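> Could you have a look at this structure, given as structure tokens, before my questions?
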Amino acid sequence: MSKQVIFKTEPNGILTGSIRVTGDKSMSHRSIMLGSLAEGTTEVTGFLNGEDCLATIKAFRNMGVTINGPENGNVSIQGVGLNGLKAPADAIDMGNSGTAMRLLTGVMAGQSFDSVLIGDASLSIRPMRRITKPLTQMGATIETNEAGTPPLSIKGNSHLKGIHYDLPMASAQVKSAILLAGLYAKGETSVTEPAVTRDHTERMLRGFGYEVITEGNRMSLQGGGKLTATNIDVPADISSAAFFMVGASIAEGSDLTLEHVGVNPTRTGVIDILRLMGADITLSNEKEVGGEPVADIRIRSAKLKGIHIPEELVPLAIDEFPSIFVAACFAEGTTVLTGAEELRVKESDRIQVMADGLLACGADVTPTPDGIIIQNSQLSSGEIDSHGDHRIAMSFAMAGLCAQGSIVINDCENVDTSFPDFIDIASKAGVKVSIV
Ligand code: S3P
């Protein structure tokens with residue numbers, strides 16, 4: 001790692017005013033992928049200028065797609081059509097991004113040329129058999145290393161055929177990889193999911209004029225169609241907004257508005273969970289933009305209480321648990337999370353890494369195989385290791401609002417993957433956090 005970024009917090013911040021956090025990561029990735037595979041020019045606004053999404057842009061540029069930007073969130077993509085990509089000269093580096101790697105594998109499985117996908121140290125130990133297994137059933141040939149982890153070597157000219165696949169875990173990345181491969185497959189490709197997961201792929205495919213049928217928990221499409229360029233307005237990322245929902249809830253005297261946030265019902269579990277804990281969150285200015293609901297979200301500080309988090313909300317808040325754990329420390333009583341073993345295979349093992357960090361700050365927490373138990377705790381000062389996980393780093397920046405002293409957060413460079421101007425926006429909102 002070339003740079004070492006360390007955050008340090010000071011207590012007693014109050015969050016006020018109005019901010020717009022960076023663009024949605026899931027939609028930004030998908031806008032580049034579908035825009036590249038479409039016929040015509042796609043204009044994107046609100047694009048997330050974070051390292052993960054820039055890696056996706058680079059990947060498609062390396063396959064011959066002309067992409068201008070991002071400049072102030074604007075990206076222009078000259079689509080080459082579903083069969084217009086060219087073989088990249090080298091391995092495609094997806095950096096830290098599981099989403100980019102898994103979705104792109106679905107696309108690459110349908111190409112006429114071979115490709116190799118690689119990632120950073122964190123991505124290189126993440127499980128990929130969850131996508132290689134269904135894609136292999138579709139006719140793809142994909143090699144992983146022995147542990148089922150990257151690099152992924154994908155053979156071209158595989159003549160995919162449609163399958164039906166029952167997802168063994170609630171994963172939008174796996175669902176999306178299969179549906180994207182399905183664009184290239186003969187006949188129908190369908191999946192059923194065990195619980196609702198984010199549906200940006202289905203919505204965006206429809207936005208590009210491709211028919212995707214959703215019947216309950218089953219999604220299907222027919223291969224062999226085409227994508228037609230469209231314009232995409234990417235709203236602010238609810239996963240980035242979540243840090244501020246937690247911060248404003250726990251920091252007494254706060255009254256903060258988050259503007260133009262994506263509130264797709266497959267992503268709003270964090271709002272439901274915080275409300276169940278007693279948070280004061282109101283939505284206004286609700287509208288639909290480009291097939292995705294958006295709203296302004298106002299959060300006023302409130303006295304929180306511990307809850308047993310309903311398991312059906314877990315996939316709808318899967319990226320927000322690090323910050324929800326912070327909220328739980330300041331909630332009266334006990335908070336219990338179960339059914340969340342997926343947290344162990346994110347950018348870090350988010351159950352263990354959060355437990356270690358919170359323990360280092362004096363909290364009373366007990367990790368379990370599929371969740372955590374958190375007691376109401378007074379956080380002291382402390383030093384924690386984010387293990388290069390952006391969401392761990394930003395969650396502890398919010399914990400610092402109500403700790404007794406400073407929290408030093410090590411290994412924060414990957415905040416740039418999803419929220420490059422986090423320190424500026426957090427400071428503007430009233431969080432006392434700086435780079436040491
Ligand atoms: C994402 C899906 C989720 C989420 C990730 C983004 C997506 O992963 O954690 O940050 O954009 O499809 P899983 O599908 O593995 O749960």
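Here's how to read the names in the structure tokens: chain A, B, ... by the order shown, residue numbers from 1 in each chain, ligand numbers from 1 in the order shown.
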Using only C-alpha atoms and all ligand atoms, I'd like a table of the residues in chain A that come within 8 Å of ligand 1; for each, show the closest atom pair and its distance in Å rounded to one decimal, ordered by chain and ascending number, as a Markdown table.

```
| residue | atom | partner | partner_atom_place_in_ligand_line | distance |
| --- | --- | --- | --- | --- |
| A:Lys25 | CA | ligand 1 | 11 (O) | 6.8 |
| A:Ser26 | CA | ligand 1 | 11 (O) | 3.8 |
| A:Met27 | CA | ligand 1 | 11 (O) | 7.1 |
| A:His29 | CA | ligand 1 | 11 (O) | 7.6 |
| A:Arg30 | CA | ligand 1 | 11 (O) | 8.0 |
| A:Gly98 | CA | ligand 1 | 5 (C) | 7.1 |
| A:Thr99 | CA | ligand 1 | 11 (O) | 5.3 |
| A:Leu103 | CA | ligand 1 | 12 (O) | 7.9 |
| A:Ala170 | CA | ligand 1 | 16 (O) | 6.4 |
| A:Ser171 | CA | ligand 1 | 14 (O) | 3.4 |
| A:Ala172 | CA | ligand 1 | 14 (O) | 3.7 |
| A:Gln173 | CA | ligand 1 | 14 (O) | 3.7 |
| A:Val174 | CA | ligand 1 | 14 (O) | 6.0 |
| A:Lys175 | CA | ligand 1 | 14 (O) | 7.6 |
| A:Ser176 | CA | ligand 1 | 12 (O) | 6.9 |
| A:Thr197 | CA | ligand 1 | 14 (O) | 7.4 |
| A:Arg198 | CA | ligand 1 | 12 (O) | 6.6 |
| A:His200 | CA | ligand 1 | 12 (O) | 7.6 |
| A:Thr201 | CA | ligand 1 | 12 (O) | 7.8 |
| A:Pro315 | CA | ligand 1 | 16 (O) | 6.9 |
| A:Ile318 | CA | ligand 1 | 9 (O) | 5.7 |
| A:Asp319 | CA | ligand 1 | 9 (O) | 5.2 |
| A:Glu342 | CA | ligand 1 | 16 (O) | 7.0 |
| A:Lys346 | CA | ligand 1 | 9 (O) | 6.7 |
```
> Residues near Ala147 of chain A, anyone? I mean within 9 Å using only C-alpha atoms, not counting same-chain ones fewer than 4 positions away, as a ChimeraX atom specification.
/A:125,127-129
> With all heavy atoms retained, write the just-selected residues as a short mmCIF file (atom, residue, chain, number, x, y, z; two decimals), in the first residue's frame.

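Here's the written file part.cif:
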```
data_model
loop_
_atom_site.label_atom_id
_atom_site.label_comp_id
_atom_site.auth_asym_id
_atom_site.auth_seq_id
_atom_site.Cartn_x
_atom_site.Cartn_y
_atom_site.Cartn_z
N ILE A 125 -9.12 -12.51 -1.55
CA ILE A 125 -9.50 -13.60 -0.64
C ILE A 125 -11.03 -13.71 -0.51
O ILE A 125 -11.55 -14.39 0.35
CB ILE A 125 -8.86 -13.45 0.76
CG1 ILE A 125 -9.18 -12.10 1.39
CG2 ILE A 125 -7.36 -13.69 0.70
CD1 ILE A 125 -8.79 -12.00 2.87
N PRO A 127 -14.87 -14.90 -1.71
CA PRO A 127 -15.37 -16.12 -2.37
C PRO A 127 -15.98 -15.83 -3.74
O PRO A 127 -16.85 -14.96 -3.87
CB PRO A 127 -16.44 -16.62 -1.39
CG PRO A 127 -16.85 -15.43 -0.58
CD PRO A 127 -15.66 -14.52 -0.52
N MET A 128 -15.53 -16.60 -4.74
CA MET A 128 -16.03 -16.43 -6.10
C MET A 128 -16.78 -17.66 -6.61
O MET A 128 -17.40 -17.60 -7.67
CB MET A 128 -14.87 -16.08 -7.05
CG MET A 128 -14.26 -14.73 -6.76
SD MET A 128 -15.45 -13.37 -7.03
CE MET A 128 -14.83 -12.13 -5.91
N ARG A 129 -16.74 -18.77 -5.85
CA ARG A 129 -17.46 -19.96 -6.34
C ARG A 129 -18.95 -19.69 -6.44
O ARG A 129 -19.65 -20.30 -7.24
CB ARG A 129 -17.21 -21.15 -5.41
CG ARG A 129 -15.86 -21.73 -5.61
CD ARG A 129 -15.72 -23.18 -5.20
NE ARG A 129 -14.35 -23.59 -5.43
CZ ARG A 129 -13.46 -23.84 -4.48
NH1 ARG A 129 -13.80 -23.76 -3.20
NH2 ARG A 129 -12.22 -24.16 -4.79
#
```
> Report, in Å with one decimal, the straight-line distance from atom CA of Asp416 of chain A to atom CA of Gly23 of chain A.
12.8 Å
> Which of these residues is nearest to Lys226 of chain A, using only C-alpha atoms: A:Pro310, A:Glu43, A:Ile374, A:Gly79?
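Once distances to Lys226 of chain A are computed over only C-alpha atoms, the minimum belongs to A:Gly79.
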> Taking into account only C-alpha atoms, which residue in the set A:Leu316, A:Ala393, A:Leu221, A:Ile384 is nearest to Asp199 of chain A?
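Residue with the minimum atom-to-atom distance to Asp199 of chain A: A:Leu316.
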> Which distance in Å separates atom CA of Gly306 of chain A and atom CA of Glu332 of chain A, to one decimal?
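According to the coordinates, atom CA of Gly306 of chain A and atom CA of Glu332 of chain A are separated by 5.6 Å.
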> Do you know which residues are at most 9 Å from Gly430 of chain A counting only C-alpha atoms, after dropping those on the same chain fewer than 3 positions away, and could you put them as a ChimeraX atom specification?
/A:13-17,425-427,433
> From the options A:Ile373, A:Ile435, A:Val44, A:Leu117, which residue's atoms come nearest to Asp233 of chain A, counting only C-alpha atoms?
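Using only C-alpha atoms, Asp233 of chain A sits closest to A:Val44.
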> Between A:Ser254, A:Ser406, A:Asn264, A:Ser115, single out the one closest to Asp280 of chain A, counting only C-alpha atoms.
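Of the candidates, the smallest distance to Asp280 of chain A is held by A:Ser254.
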> Please, which residues in segment 199-295 of chain A fall within 10 Å of segment 183-188 of chain A when counting only C-alpha atoms, and what is the closest atom pair and distance in Å to one decimal for each, ordered by chain then residue number, as a Markdown table?

```
| residue | atom | partner | partner_atom | distance |
| --- | --- | --- | --- | --- |
| A:Tyr210 | CA | A:Leu183 | CA | 9.2 |
| A:Ser220 | CA | A:Glu188 | CA | 6.8 |
| A:Leu221 | CA | A:Glu188 | CA | 5.7 |
| A:Gln222 | CA | A:Glu188 | CA | 4.4 |
| A:Gly223 | CA | A:Leu183 | CA | 4.4 |
| A:Gly224 | CA | A:Tyr184 | CA | 6.0 |
| A:Gly225 | CA | A:Leu183 | CA | 7.0 |
| A:Lys226 | CA | A:Leu183 | CA | 8.3 |
| A:Leu227 | CA | A:Leu183 | CA | 9.5 |
```
> Could you write out the selected residues, including all heavy atoms, as a short mmCIF file (atom, residue, chain, number, x, y, z; two decimals), in the first residue's frame?

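Result saved to selection10.cif:
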```
data_model
loop_
_atom_site.label_atom_id
_atom_site.label_comp_id
_atom_site.auth_asym_id
_atom_site.auth_seq_id
_atom_site.Cartn_x
_atom_site.Cartn_y
_atom_site.Cartn_z
N TYR A 210 -34.51 -3.35 -21.95
CA TYR A 210 -34.42 -4.82 -21.96
C TYR A 210 -35.47 -5.38 -21.02
O TYR A 210 -35.55 -4.96 -19.86
CB TYR A 210 -33.03 -5.26 -21.50
CG TYR A 210 -32.60 -6.59 -22.10
CD1 TYR A 210 -31.73 -6.62 -23.18
CD2 TYR A 210 -33.09 -7.80 -21.59
CE1 TYR A 210 -31.35 -7.83 -23.76
CE2 TYR A 210 -32.71 -9.00 -22.16
CZ TYR A 210 -31.84 -9.02 -23.25
OH TYR A 210 -31.47 -10.21 -23.81
N SER A 220 -36.43 -13.14 -14.38
CA SER A 220 -36.03 -13.85 -15.60
C SER A 220 -35.88 -12.90 -16.77
O SER A 220 -36.46 -11.81 -16.79
CB SER A 220 -37.07 -14.92 -15.93
OG SER A 220 -38.32 -14.31 -16.16
N LEU A 221 -35.05 -13.32 -17.72
CA LEU A 221 -34.92 -12.59 -18.98
C LEU A 221 -34.58 -13.56 -20.08
O LEU A 221 -34.13 -14.68 -19.83
CB LEU A 221 -33.89 -11.45 -18.87
CG LEU A 221 -32.46 -11.74 -18.40
CD1 LEU A 221 -31.63 -12.44 -19.45
CD2 LEU A 221 -31.79 -10.42 -18.04
N GLN A 222 -34.77 -13.14 -21.32
CA GLN A 222 -34.43 -13.93 -22.51
C GLN A 222 -33.13 -13.40 -23.07
O GLN A 222 -32.93 -12.18 -23.15
CB GLN A 222 -35.52 -13.78 -23.59
CG GLN A 222 -36.90 -14.27 -23.21
CD GLN A 222 -36.99 -15.79 -23.17
OE1 GLN A 222 -36.24 -16.50 -23.85
NE2 GLN A 222 -37.92 -16.31 -22.36
N GLY A 223 -32.24 -14.29 -23.49
CA GLY A 223 -31.00 -13.85 -24.12
C GLY A 223 -31.24 -13.33 -25.52
O GLY A 223 -32.32 -13.48 -26.08
N GLY A 224 -30.21 -12.67 -26.06
CA GLY A 224 -30.24 -12.31 -27.47
C GLY A 224 -30.93 -11.00 -27.81
O GLY A 224 -31.13 -10.70 -28.98
N GLY A 225 -31.27 -10.19 -26.83
CA GLY A 225 -31.87 -8.88 -27.12
C GLY A 225 -30.79 -7.82 -27.28
O GLY A 225 -29.63 -8.15 -27.54
N LYS A 226 -31.20 -6.56 -27.16
CA LYS A 226 -30.18 -5.49 -27.21
C LYS A 226 -30.51 -4.40 -26.20
O LYS A 226 -31.68 -4.25 -25.78
CB LYS A 226 -30.06 -4.92 -28.61
CG LYS A 226 -31.28 -4.18 -29.08
CD LYS A 226 -30.97 -3.43 -30.36
CE LYS A 226 -32.14 -2.53 -30.71
NZ LYS A 226 -31.81 -1.33 -31.41
N LEU A 227 -29.48 -3.68 -25.80
CA LEU A 227 -29.65 -2.56 -24.88
C LEU A 227 -29.60 -1.27 -25.67
O LEU A 227 -28.74 -1.11 -26.55
CB LEU A 227 -28.52 -2.57 -23.84
CG LEU A 227 -28.39 -3.82 -22.96
CD1 LEU A 227 -27.10 -3.76 -22.13
CD2 LEU A 227 -29.59 -3.94 -22.04
#
```
> Using only C-alpha atoms, pick whichever of A:Ala55, A:Ala403, A:Cys412, A:Ile232 has the shortest atom-to-atom distance to His387 of chain A.
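Result for the nearest residue to His387 of chain A: A:Cys412.
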